[in-house]
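Pasted below: coords.cif, mmCIF, C-alpha atoms.
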data_data
#
loop_
_atom_site.label_atom_id
_atom_site.label_comp_id
_atom_site.auth_asym_id
_atom_site.auth_seq_id
_atom_site.Cartn_x
_atom_site.Cartn_y
_atom_site.Cartn_z
CA MET T 1 -182.59 -97.91 -50.15
CA LYS T 2 -186.38 -98.03 -49.91
CA ILE T 3 -188.24 -97.02 -46.75
CA LEU T 4 -191.93 -97.65 -46.13
CA ILE T 5 -193.70 -94.37 -45.36
CA GLY T 6 -197.15 -95.77 -44.75
CA THR T 7 -200.27 -97.47 -46.04
CA PHE T 8 -202.91 -95.48 -47.89
CA ASP T 9 -206.25 -96.18 -49.55
CA LEU T 10 -206.49 -96.72 -53.28
CA LEU T 11 -209.89 -97.07 -54.90
CA ASN T 12 -210.18 -100.23 -56.98
CA ARG T 13 -212.55 -99.04 -59.72
CA LEU T 14 -213.31 -102.58 -60.76
CA THR T 15 -214.69 -103.64 -57.36
CA GLY T 16 -215.63 -100.20 -55.98
CA LYS T 17 -213.67 -101.02 -52.82
CA PHE T 18 -210.65 -99.39 -51.23
CA GLU T 19 -207.46 -101.41 -51.04
CA ASP T 20 -204.17 -100.92 -49.24
CA ALA T 21 -201.38 -99.20 -51.10
CA HIS T 22 -197.88 -98.83 -49.71
CA LEU T 23 -195.96 -95.62 -50.25
CA TYR T 24 -192.17 -95.91 -50.22
CA ARG T 25 -189.39 -93.41 -50.13
CA GLY T 26 -186.92 -94.62 -52.76
CA LEU T 27 -187.15 -97.23 -55.49
CA ASP T 28 -185.42 -100.54 -55.96
CA ALA T 29 -184.80 -103.30 -58.48
CA LYS T 30 -188.33 -104.67 -57.95
CA ASN T 31 -189.88 -101.38 -59.11
CA LEU T 32 -187.59 -101.11 -62.12
CA GLY T 33 -188.33 -104.76 -62.91
CA ASP T 34 -192.07 -104.03 -62.82
CA PHE T 35 -191.52 -101.07 -65.12
CA GLU T 36 -189.51 -103.09 -67.64
CA GLU T 37 -191.59 -106.27 -67.52
CA LYS T 38 -195.12 -105.08 -66.72
CA TRP T 39 -195.44 -101.43 -67.70
CA ARG T 40 -193.32 -101.20 -70.82
CA PRO T 41 -194.94 -104.08 -72.76
CA LEU T 42 -198.39 -102.54 -72.18
CA PHE T 43 -197.20 -99.12 -73.38
CA GLU T 44 -195.69 -100.69 -76.48
CA GLU T 45 -198.74 -102.81 -77.18
CA ARG T 46 -201.06 -99.78 -76.88
CA ARG T 47 -198.80 -97.74 -79.12
CA ARG T 48 -198.89 -100.45 -81.78
CA ARG T 49 -202.68 -100.50 -81.69
CA ALA T 50 -203.14 -96.71 -81.69
CA ARG T 51 -203.89 -94.82 -84.87
CA PRO T 52 -201.87 -91.55 -85.14
CA GLU T 53 -204.94 -89.45 -84.31
CA GLU T 54 -205.52 -91.56 -81.22
CA LEU T 55 -202.11 -91.00 -79.61
CA LEU T 56 -203.22 -88.18 -77.31
CA GLU T 57 -206.24 -90.09 -76.07
CA ALA T 58 -204.14 -93.23 -75.70
CA ASN T 59 -202.50 -91.62 -72.65
CA LEU T 60 -199.01 -92.52 -73.81
CA GLN T 61 -197.25 -89.17 -73.57
CA ASP T 62 -194.87 -90.42 -70.91
CA ALA T 63 -194.43 -93.91 -72.35
CA HIS T 64 -190.93 -93.02 -73.56
CA TRP T 65 -189.70 -92.14 -70.04
CA ASP T 66 -186.92 -94.53 -69.23
CA TRP T 67 -187.15 -95.01 -65.46
CA THR T 68 -184.26 -97.48 -65.45
CA ARG T 69 -181.97 -94.93 -67.08
CA LYS T 70 -183.18 -92.14 -64.81
CA ALA T 71 -182.54 -94.29 -61.74
CA ALA T 72 -179.00 -94.95 -62.96
CA LEU T 73 -178.46 -91.23 -63.59
CA TRP T 74 -180.10 -89.79 -60.48
CA GLY T 75 -179.97 -92.65 -57.99
CA ASN T 76 -176.80 -91.51 -56.24
CA LEU T 77 -177.43 -87.78 -56.33
CA LEU T 78 -178.60 -85.96 -53.20
CA ALA T 79 -180.60 -83.56 -55.36
CA TYR T 80 -183.05 -86.26 -56.43
CA GLU T 81 -185.37 -88.51 -54.54
CA ALA T 82 -187.74 -91.23 -55.73
CA PHE T 83 -191.09 -92.35 -54.35
CA THR T 84 -193.08 -95.44 -55.25
CA VAL T 85 -196.59 -96.73 -54.67
CA GLU T 86 -197.18 -100.46 -54.52
CA ALA T 87 -200.40 -102.45 -54.27
CA GLU T 88 -201.07 -106.11 -54.90
CA ALA T 89 -197.27 -106.57 -54.90
CA LEU T 90 -197.00 -104.49 -58.08
CA THR T 91 -195.62 -101.01 -58.73
CA GLN T 92 -198.64 -98.76 -59.23
CA GLY T 93 -196.85 -95.42 -59.43
CA LEU T 94 -193.40 -93.86 -59.66
CA MET T 95 -192.13 -90.35 -58.99
CA TYR T 96 -188.77 -88.60 -59.13
CA VAL T 97 -188.36 -85.16 -57.54
CA ASN T 98 -185.57 -82.61 -57.63
CA LYS T 99 -184.80 -80.62 -54.48
CA THR T 100 -182.64 -77.88 -56.00
CA ARG T 101 -185.17 -75.89 -58.05
CA LEU T 102 -186.56 -72.45 -57.26
CA SER T 103 -190.02 -70.92 -57.39
CA ARG T 104 -191.14 -68.80 -60.36
CA VAL T 105 -194.33 -67.42 -58.80
CA ALA T 106 -194.37 -63.69 -58.06
CA GLY T 107 -194.11 -63.10 -54.33
CA GLN T 108 -192.11 -66.25 -53.68
CA GLN T 109 -189.77 -66.12 -56.66
CA GLY T 110 -186.39 -67.68 -55.87
CA ALA T 111 -187.66 -69.64 -52.88
CA PRO T 112 -186.68 -73.30 -52.91
CA LEU T 113 -189.29 -75.88 -53.88
CA ILE T 114 -189.72 -79.53 -54.70
CA TYR T 115 -189.80 -79.95 -58.47
CA VAL T 116 -191.53 -83.07 -59.77
CA GLU T 117 -189.32 -84.33 -62.59
CA LEU T 118 -191.38 -87.42 -63.43
CA LEU T 119 -194.64 -88.81 -62.10
CA ALA T 120 -196.44 -91.75 -63.65
CA THR T 121 -199.12 -94.26 -62.81
CA ALA T 122 -199.08 -97.84 -64.09
CA PRO T 123 -200.63 -98.35 -67.55
CA TRP T 124 -203.43 -100.56 -66.19
CA ASN T 125 -204.65 -97.60 -64.09
CA ARG T 126 -205.11 -95.31 -67.08
CA HIS T 127 -208.02 -94.43 -69.30
CA GLY T 128 -206.99 -94.71 -72.93
CA ILE T 129 -204.67 -97.62 -72.33
CA THR T 130 -207.20 -99.96 -70.85
CA GLU T 131 -210.98 -99.86 -71.07
CA LYS T 132 -211.33 -100.51 -67.36
CA PRO T 133 -208.58 -98.71 -65.40
CA LYS T 134 -207.96 -100.35 -62.05
CA TYR T 135 -206.74 -98.03 -59.31
CA LYS T 136 -207.68 -94.41 -58.78
CA GLY T 137 -205.62 -92.15 -56.53
CA VAL T 138 -202.01 -93.12 -57.26
CA GLY T 139 -201.13 -89.63 -58.54
CA GLN T 140 -202.75 -88.06 -55.52
CA ILE T 141 -200.67 -90.14 -53.07
CA LEU T 142 -197.48 -89.23 -54.92
CA THR T 143 -198.38 -85.54 -55.09
CA GLN T 144 -199.09 -85.57 -51.35
CA ALA T 145 -195.66 -87.12 -50.84
CA ALA T 146 -194.08 -84.26 -52.83
CA ILE T 147 -195.88 -81.70 -50.66
CA SER T 148 -194.87 -83.53 -47.48
CA LEU T 149 -191.26 -83.66 -48.64
CA SER T 150 -191.41 -79.94 -49.35
CA ILE T 151 -192.53 -79.33 -45.78
CA GLU T 152 -189.86 -81.67 -44.40
CA GLU T 153 -187.21 -79.78 -46.38
CA GLU T 154 -188.49 -76.45 -44.96
CA PHE T 155 -189.84 -75.44 -48.40
CA LYS T 156 -193.31 -74.90 -46.86
CA GLY T 157 -195.18 -77.18 -49.24
CA ARG T 158 -194.07 -75.40 -52.43
CA VAL T 159 -194.07 -77.77 -55.42
CA GLY T 160 -193.43 -77.11 -59.11
CA LEU T 161 -193.81 -79.24 -62.23
CA HIS T 162 -194.24 -79.27 -65.98
CA SER T 163 -197.45 -81.06 -66.85
CA LEU T 164 -198.13 -83.35 -69.75
CA PRO T 165 -201.27 -82.15 -71.61
CA GLN T 166 -203.25 -85.15 -70.31
CA SER T 167 -202.74 -84.04 -66.67
CA GLU T 168 -203.10 -80.26 -66.91
CA SER T 169 -206.70 -80.09 -65.74
CA TRP T 170 -205.91 -82.29 -62.74
CA TYR T 171 -203.12 -79.99 -61.52
CA ARG T 172 -205.12 -76.84 -62.24
CA GLU T 173 -208.63 -77.82 -61.22
CA VAL T 174 -208.24 -80.61 -58.68
CA LEU T 175 -205.07 -79.49 -56.92
CA GLY T 176 -205.57 -75.78 -57.61
CA MET T 177 -201.98 -75.18 -58.68
CA ILE T 178 -201.05 -71.93 -60.43
CA ASP T 179 -200.80 -72.30 -64.20
CA LEU T 180 -197.82 -70.24 -65.38
CA GLY T 181 -198.40 -71.17 -69.02
CA PRO T 182 -196.28 -72.91 -71.64
CA ASP T 183 -192.54 -72.99 -70.97
CA PRO T 184 -190.57 -72.41 -74.19
CA HIS T 185 -187.50 -73.91 -72.51
CA TYR T 186 -189.32 -77.16 -71.76
CA GLN T 187 -191.03 -78.41 -74.93
CA ASN T 188 -193.74 -75.79 -74.35
CA LEU T 189 -195.25 -77.89 -71.59
CA LYS T 190 -197.25 -75.85 -69.11
CA TYR T 191 -195.52 -75.06 -65.84
CA PHE T 192 -197.52 -75.31 -62.62
CA GLU T 193 -196.70 -74.32 -59.07
CA MET T 194 -198.26 -74.87 -55.70
CA THR T 195 -197.64 -72.07 -53.25
CA ALA T 196 -197.12 -72.51 -49.52
CA GLU T 197 -200.64 -71.20 -48.90
CA GLN T 198 -202.20 -73.61 -51.41
CA ALA T 199 -200.27 -76.53 -49.89
CA GLU T 200 -201.47 -75.61 -46.43
CA ARG T 201 -205.09 -75.48 -47.62
CA LEU T 202 -204.75 -78.82 -49.40
CA ILE T 203 -203.27 -80.55 -46.37
CA LYS T 204 -206.07 -79.27 -44.12
CA MET S 1 -198.70 -87.21 -44.52
CA GLU S 2 -195.65 -87.69 -42.35
CA LEU S 3 -192.56 -88.90 -44.19
CA THR S 4 -190.28 -91.35 -42.41
CA ALA S 5 -187.49 -89.36 -40.85
CA GLN S 6 -184.10 -90.37 -42.16
CA THR S 7 -181.31 -90.87 -39.66
CA ARG S 8 -179.14 -87.78 -39.38
CA LYS S 9 -175.73 -87.20 -37.94
CA THR S 10 -174.57 -84.08 -36.19
CA MET S 11 -171.33 -82.24 -36.88
CA THR S 12 -169.67 -79.09 -35.62
CA LEU S 13 -168.87 -76.54 -38.28
CA ASN S 14 -166.11 -73.96 -37.92
CA LEU S 15 -166.78 -70.87 -40.02
CA THR S 16 -165.25 -67.40 -40.15
CA GLU S 17 -167.43 -64.46 -39.26
CA THR S 18 -167.84 -63.59 -42.93
CA GLU S 19 -168.79 -67.14 -43.84
CA MET S 20 -171.27 -67.28 -40.98
CA GLY S 21 -172.67 -63.91 -42.09
CA THR S 22 -173.17 -65.28 -45.59
CA LEU S 23 -174.88 -68.38 -44.20
CA ASP S 24 -177.15 -66.19 -42.05
CA ASP S 25 -177.95 -64.02 -45.05
CA LEU S 26 -178.81 -67.00 -47.28
CA SER S 27 -180.87 -68.54 -44.51
CA ALA S 28 -182.89 -65.33 -44.15
CA ARG S 29 -183.21 -64.76 -47.90
CA LYS S 30 -184.39 -68.31 -48.64
CA ASP S 31 -186.42 -68.54 -45.43
CA ILE S 32 -184.88 -71.86 -44.45
CA SER S 33 -182.59 -72.85 -41.56
CA LYS S 34 -178.82 -72.75 -41.85
CA THR S 35 -178.78 -76.54 -41.89
CA ALA S 36 -181.19 -76.53 -44.84
CA VAL S 37 -178.98 -74.02 -46.69
CA LEU S 38 -175.98 -76.29 -46.24
CA ARG S 39 -177.95 -79.33 -47.38
CA GLN S 40 -178.98 -77.45 -50.52
CA ALA S 41 -175.39 -76.38 -51.12
CA LEU S 42 -174.19 -79.96 -50.81
CA ARG S 43 -176.82 -81.22 -53.26
CA LEU S 44 -175.90 -78.58 -55.81
CA TYR S 45 -172.17 -79.11 -55.38
CA GLN S 46 -172.50 -82.87 -55.84
CA MET S 47 -174.76 -82.48 -58.88
CA ILE S 48 -172.42 -79.99 -60.55
CA GLU S 49 -169.42 -82.20 -59.84
CA GLU S 50 -171.16 -85.23 -61.35
CA ARG S 51 -172.18 -83.40 -64.49
CA LEU S 52 -168.76 -81.85 -64.99
CA ALA S 53 -167.23 -85.31 -64.53
CA ARG S 54 -169.47 -86.50 -67.38
CA GLY S 55 -167.96 -83.83 -69.60
CA GLU S 56 -170.73 -81.24 -69.34
CA LYS S 57 -170.08 -77.53 -68.81
CA LEU S 58 -171.69 -75.01 -66.49
CA TYR S 59 -172.59 -71.56 -67.83
CA PHE S 60 -174.17 -68.38 -66.54
CA GLU S 61 -176.17 -66.47 -69.13
CA GLN S 62 -177.41 -62.87 -69.08
CA ASP S 63 -181.10 -62.17 -69.62
CA ASN S 64 -180.34 -60.83 -73.10
CA GLY S 65 -179.11 -64.29 -74.07
CA LYS S 66 -175.89 -62.84 -75.48
CA ASP S 67 -173.42 -62.77 -72.62
CA LYS S 68 -172.53 -66.23 -71.52
CA ALA S 69 -169.70 -67.18 -69.15
CA GLU S 70 -168.49 -70.60 -68.24
CA LEU S 71 -168.19 -71.21 -64.53
CA MET S 72 -164.94 -72.86 -63.63
CA MET S 73 -165.14 -75.29 -60.75
CA LEU S 74 -162.11 -76.19 -58.73
#

Let me see the structure of the file written as structure tokens.
Amino acid sequence: MKILIGTFDLLNRLTGKFEDAHLYRGLDAKNLGDFEEKWRPLFEERRRRARPEELLEANLQDAHWDWTRKAALWGNLLAYEAFTVEAEALTQGLMYVNKTRLSRVAGQQGAPLIYVELLATAPWNRHGITEKPKYKGVGQILTQAAISLSIEEEFKGRVGLHSLPQSESWYREVLGMIDLGPDPHYQNLKYFEMTAEQAERLIK
Amino acid sequence: MELTAQTRKTMTLNLTETEMGTLDDLSARKDISKTAVLRQALRLYQMIEERLARGEKLYFEQDNGKDKAELMML
């Protein structure tokens, strides 16, 4: 089931104007269809064109995520929830969160939080994949949704995630999340957390 | 950002004093309401059940990485 949460502004970089984007709670066959038919071919095409030394810059580190499989695996579990952003009748962003994880930050260790399992923006919105990325702000809308969910669940805005290298600076510098360093149990990806205080500041 | 509230149903729960004490304790320790504790418990229970049904096993491991015990679910 997919429920419309609201309409938010997305900056169209190509026109310099803001456009309506719809944020949904849940994902459906349309979103998975967009992933299979619109996203995946672009990822594969970019991968074919990329030289090995270009792979990092090609912004393809999540291209292997199989959203269709994840939806089949997590779709019926209470622990997981999906969010989607749509604009121009296309899926612009996808996110899966887990509601059963606990904080690792000293002072709030063991407190429940929203853990972002997967978060991705459409390939046409990314530097490295296209020369002129279209929409800016998809990740921000989805991150805000994670914080809002955390508040709704009484987790006070606490959010945790493992970041792909391409997104580390955004989580650390733009959102101000705490960088807890590489996690040896998770492909050495850096683990980030937003505390209740940080979430409150960000919402204000 | 306000998320759309999902429809909720109310139920009465009959617990022993010990069970209620445990619920109170978890609620205080996790700083969430008793309803939120029960929602978390339900999510975890369902997830564990699903994974066990797929043939996976659930273990607890000591910090030293040596002592490992399988948790048996009924």

*Name the residues in contact with Ala82 of chain T at a cut-off of 7 Å, using only C-alpha atoms, excluding same-chain residues fewer than 4 positions from it; report them as a list in words.*
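Within the cut-off, the hits are Arg25, Gly26, Leu27, Met95, Tyr96 and Val97 of chain T.
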
In Å and to one decimal, atom CA of Ile203 of chain T is distant from atom CA of Ile5 of chain T by 16.8 Å

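Taking all atoms listed in the file into account, chain T lies nearest to S:Glu2 out of the set S:Glu2, S:Asp24, S:Glu19, S:Asp67.
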
Write out as a ChimeraX atom specification the residues lying within 9 Å of Ala122 of chain T, counting only C-alpha atoms and excluding same-chain residues fewer than 5 positions away. /T:35,38-39,91-94,138

Contact table chain T vs chain S, cut-off 12 Å, shortest pair per residue, only C-alpha atoms, as a tab-separated table:
residue	atom	partner	partner_atom	distance
T:Met1	CA	S:Gln6	CA	11.1
T:Lys2	CA	S:Thr4	CA	10.8
T:Ile3	CA	S:Thr4	CA	7.4
T:Leu4	CA	S:Thr4	CA	7.5
T:Ile5	CA	S:Thr4	CA	5.4
T:Gly6	CA	S:Leu3	CA	8.3
T:Thr7	CA	S:Met1	CA	10.5
T:Phe8	CA	S:Met1	CA	9.9
T:Leu23	CA	S:Leu3	CA	9.7
T:Tyr24	CA	S:Thr4	CA	9.2
T:Arg25	CA	S:Thr4	CA	8.0
T:Gly26	CA	S:Thr4	CA	11.4
T:Leu73	CA	S:Glu50	CA	9.7
T:Trp74	CA	S:Met47	CA	9.2
T:Gly75	CA	S:Met47	CA	11.5
T:Asn76	CA	S:Met47	CA	9.6
T:Leu77	CA	S:Met47	CA	6.5
T:Leu78	CA	S:Arg43	CA	5.1
T:Ala79	CA	S:Arg43	CA	4.9
T:Tyr80	CA	S:Arg43	CA	8.6
T:Glu81	CA	S:Arg43	CA	11.3
T:Phe83	CA	S:Leu3	CA	10.8
T:Asn98	CA	S:Arg43	CA	9.9
T:Lys99	CA	S:Gln40	CA	7.7
T:Thr100	CA	S:Gln40	CA	6.6
T:Arg101	CA	S:Gln40	CA	9.9
T:Leu102	CA	S:Lys30	CA	9.8
T:Ser103	CA	S:Lys30	CA	10.7
T:Gln108	CA	S:Lys30	CA	9.4
T:Gln109	CA	S:Lys30	CA	9.9
T:Gly110	CA	S:Lys30	CA	7.5
T:Ala111	CA	S:Lys30	CA	5.5
T:Pro112	CA	S:Lys30	CA	7.0
T:Leu113	CA	S:Lys30	CA	10.4
T:Ile114	CA	S:Gln40	CA	11.7
T:Gln140	CA	S:Met1	CA	11.8
T:Ile141	CA	S:Met1	CA	9.3
T:Leu142	CA	S:Met1	CA	10.7
T:Thr143	CA	S:Met1	CA	10.7
T:Gln144	CA	S:Met1	CA	7.0
T:Ala145	CA	S:Met1	CA	7.0
T:Ala146	CA	S:Leu3	CA	9.9
T:Ile147	CA	S:Met1	CA	8.7
T:Ser148	CA	S:Met1	CA	6.1
T:Leu149	CA	S:Leu3	CA	7.0
T:Ser150	CA	S:Leu3	CA	10.4
T:Ile151	CA	S:Glu2	CA	9.6
T:Glu152	CA	S:Leu3	CA	7.7
T:Glu153	CA	S:Ala36	CA	7.0
T:Glu154	CA	S:Ile32	CA	5.9
T:Phe155	CA	S:Ile32	CA	7.3
T:Lys156	CA	S:Ile32	CA	9.3
T:Gly157	CA	S:Met1	CA	11.6
T:Leu202	CA	S:Met1	CA	11.4
T:Ile203	CA	S:Met1	CA	8.3
T:Lys204	CA	S:Met1	CA	10.8

Using only C-alpha atoms, please write the residues we just selected to a file, as a PDB file, keeping the file's coordinate frame.
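Final output, part_26.pdb:
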ATOM      1  CA  MET T   1    -182.590 -97.910 -50.150  1.00  0.00           C
ATOM      2  CA  LYS T   2    -186.380 -98.030 -49.910  1.00  0.00           C
ATOM      3  CA  ILE T   3    -188.240 -97.020 -46.750  1.00  0.00           C
ATOM      4  CA  LEU T   4    -191.930 -97.650 -46.130  1.00  0.00           C
ATOM      5  CA  ILE T   5    -193.700 -94.370 -45.360  1.00  0.00           C
ATOM      6  CA  GLY T   6    -197.150 -95.770 -44.750  1.00  0.00           C
ATOM      7  CA  THR T   7    -200.270 -97.470 -46.040  1.00  0.00           C
ATOM      8  CA  PHE T   8    -202.910 -95.480 -47.890  1.00  0.00           C
ATOM      9  CA  LEU T  23    -195.960 -95.620 -50.250  1.00  0.00           C
ATOM     10  CA  TYR T  24    -192.170 -95.910 -50.220  1.00  0.00           C
ATOM     11  CA  ARG T  25    -189.390 -93.410 -50.130  1.00  0.00           C
ATOM     12  CA  GLY T  26    -186.920 -94.620 -52.760  1.00  0.00           C
ATOM     13  CA  LEU T  73    -178.460 -91.230 -63.590  1.00  0.00           C
ATOM     14  CA  TRP T  74    -180.100 -89.790 -60.480  1.00  0.00           C
ATOM     15  CA  GLY T  75    -179.970 -92.650 -57.990  1.00  0.00           C
ATOM     16  CA  ASN T  76    -176.800 -91.510 -56.240  1.00  0.00           C
ATOM     17  CA  LEU T  77    -177.430 -87.780 -56.330  1.00  0.00           C
ATOM     18  CA  LEU T  78    -178.600 -85.960 -53.200  1.00  0.00           C
ATOM     19  CA  ALA T  79    -180.600 -83.560 -55.360  1.00  0.00           C
ATOM     20  CA  TYR T  80    -183.050 -86.260 -56.430  1.00  0.00           C
ATOM     21  CA  GLU T  81    -185.370 -88.510 -54.540  1.00  0.00           C
ATOM     22  CA  PHE T  83    -191.090 -92.350 -54.350  1.00  0.00           C
ATOM     23  CA  ASN T  98    -185.570 -82.610 -57.630  1.00  0.00           C
ATOM     24  CA  LYS T  99    -184.800 -80.620 -54.480  1.00  0.00           C
ATOM     25  CA  THR T 100    -182.640 -77.880 -56.000  1.00  0.00           C
ATOM     26  CA  ARG T 101    -185.170 -75.890 -58.050  1.00  0.00           C
ATOM     27  CA  LEU T 102    -186.560 -72.450 -57.260  1.00  0.00           C
ATOM     28  CA  SER T 103    -190.020 -70.920 -57.390  1.00  0.00           C
ATOM     29  CA  GLN T 108    -192.110 -66.250 -53.680  1.00  0.00           C
ATOM     30  CA  GLN T 109    -189.770 -66.120 -56.660  1.00  0.00           C
ATOM     31  CA  GLY T 110    -186.390 -67.680 -55.870  1.00  0.00           C
ATOM     32  CA  ALA T 111    -187.660 -69.640 -52.880  1.00  0.00           C
ATOM     33  CA  PRO T 112    -186.680 -73.300 -52.910  1.00  0.00           C
ATOM     34  CA  LEU T 113    -189.290 -75.880 -53.880  1.00  0.00           C
ATOM     35  CA  ILE T 114    -189.720 -79.530 -54.700  1.00  0.00           C
ATOM     36  CA  GLN T 140    -202.750 -88.060 -55.520  1.00  0.00           C
ATOM     37  CA  ILE T 141    -200.670 -90.140 -53.070  1.00  0.00           C
ATOM     38  CA  LEU T 142    -197.480 -89.230 -54.920  1.00  0.00           C
ATOM     39  CA  THR T 143    -198.380 -85.540 -55.090  1.00  0.00           C
ATOM     40  CA  GLN T 144    -199.090 -85.570 -51.350  1.00  0.00           C
ATOM     41  CA  ALA T 145    -195.660 -87.120 -50.840  1.00  0.00           C
ATOM     42  CA  ALA T 146    -194.080 -84.260 -52.830  1.00  0.00           C
ATOM     43  CA  ILE T 147    -195.880 -81.700 -50.660  1.00  0.00           C
ATOM     44  CA  SER T 148    -194.870 -83.530 -47.480  1.00  0.00           C
ATOM     45  CA  LEU T 149    -191.260 -83.660 -48.640  1.00  0.00           C
ATOM     46  CA  SER T 150    -191.410 -79.940 -49.350  1.00  0.00           C
ATOM     47  CA  ILE T 151    -192.530 -79.330 -45.780  1.00  0.00           C
ATOM     48  CA  GLU T 152    -189.860 -81.670 -44.400  1.00  0.00           C
ATOM     49  CA  GLU T 153    -187.210 -79.780 -46.380  1.00  0.00           C
ATOM     50  CA  GLU T 154    -188.490 -76.450 -44.960  1.00  0.00           C
ATOM     51  CA  PHE T 155    -189.840 -75.440 -48.400  1.00  0.00           C
ATOM     52  CA  LYS T 156    -193.310 -74.900 -46.860  1.00  0.00           C
ATOM     53  CA  GLY T 157    -195.180 -77.180 -49.240  1.00  0.00           C
ATOM     54  CA  LEU T 202    -204.750 -78.820 -49.400  1.00  0.00           C
ATOM     55  CA  ILE T 203    -203.270 -80.550 -46.370  1.00  0.00           C
ATOM     56  CA  LYS T 204    -206.070 -79.270 -44.120  1.00  0.00           C
TER      57      LYS T 204
END

Rounded to one decimal place, report the atom CA of Ala50 of chain T-atom CA of His127 of chain T distance in Å.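 Computing it gives 13.5 Å between the two atoms.
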
One number please: atom CA of Tyr115 of chain T to atom CA of Gly160 of chain T, in Å, one decimal.
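Separation between atom CA of Tyr115 of chain T and atom CA of Gly160 of chain T: 4.7 Å.
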
task = Excluding Leu164 of chain T and residues on its chain fewer than 3 positions from it, collect all residues at most 9 Å away from it, counting all atoms listed in the file, and give them as a ChimeraX atom specification.
result = /T:61-62,167-168,189-190

Determine the nearest neighbour of Phe18 of chain T from the options T:Pro182, T:Gly137, T:Gly176, T:Pro52, counting all atoms listed in the file.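 Answer, going by the shortest atom-to-atom distance: T:Gly137.
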
* Write out as a ChimeraX atom specification which residues come within 12 Å of Leu13 of chain S when counting all atoms listed in the file, dropping same-chain ones fewer than 3 positions away. => /S:10,16,19-20,23,34-35,38
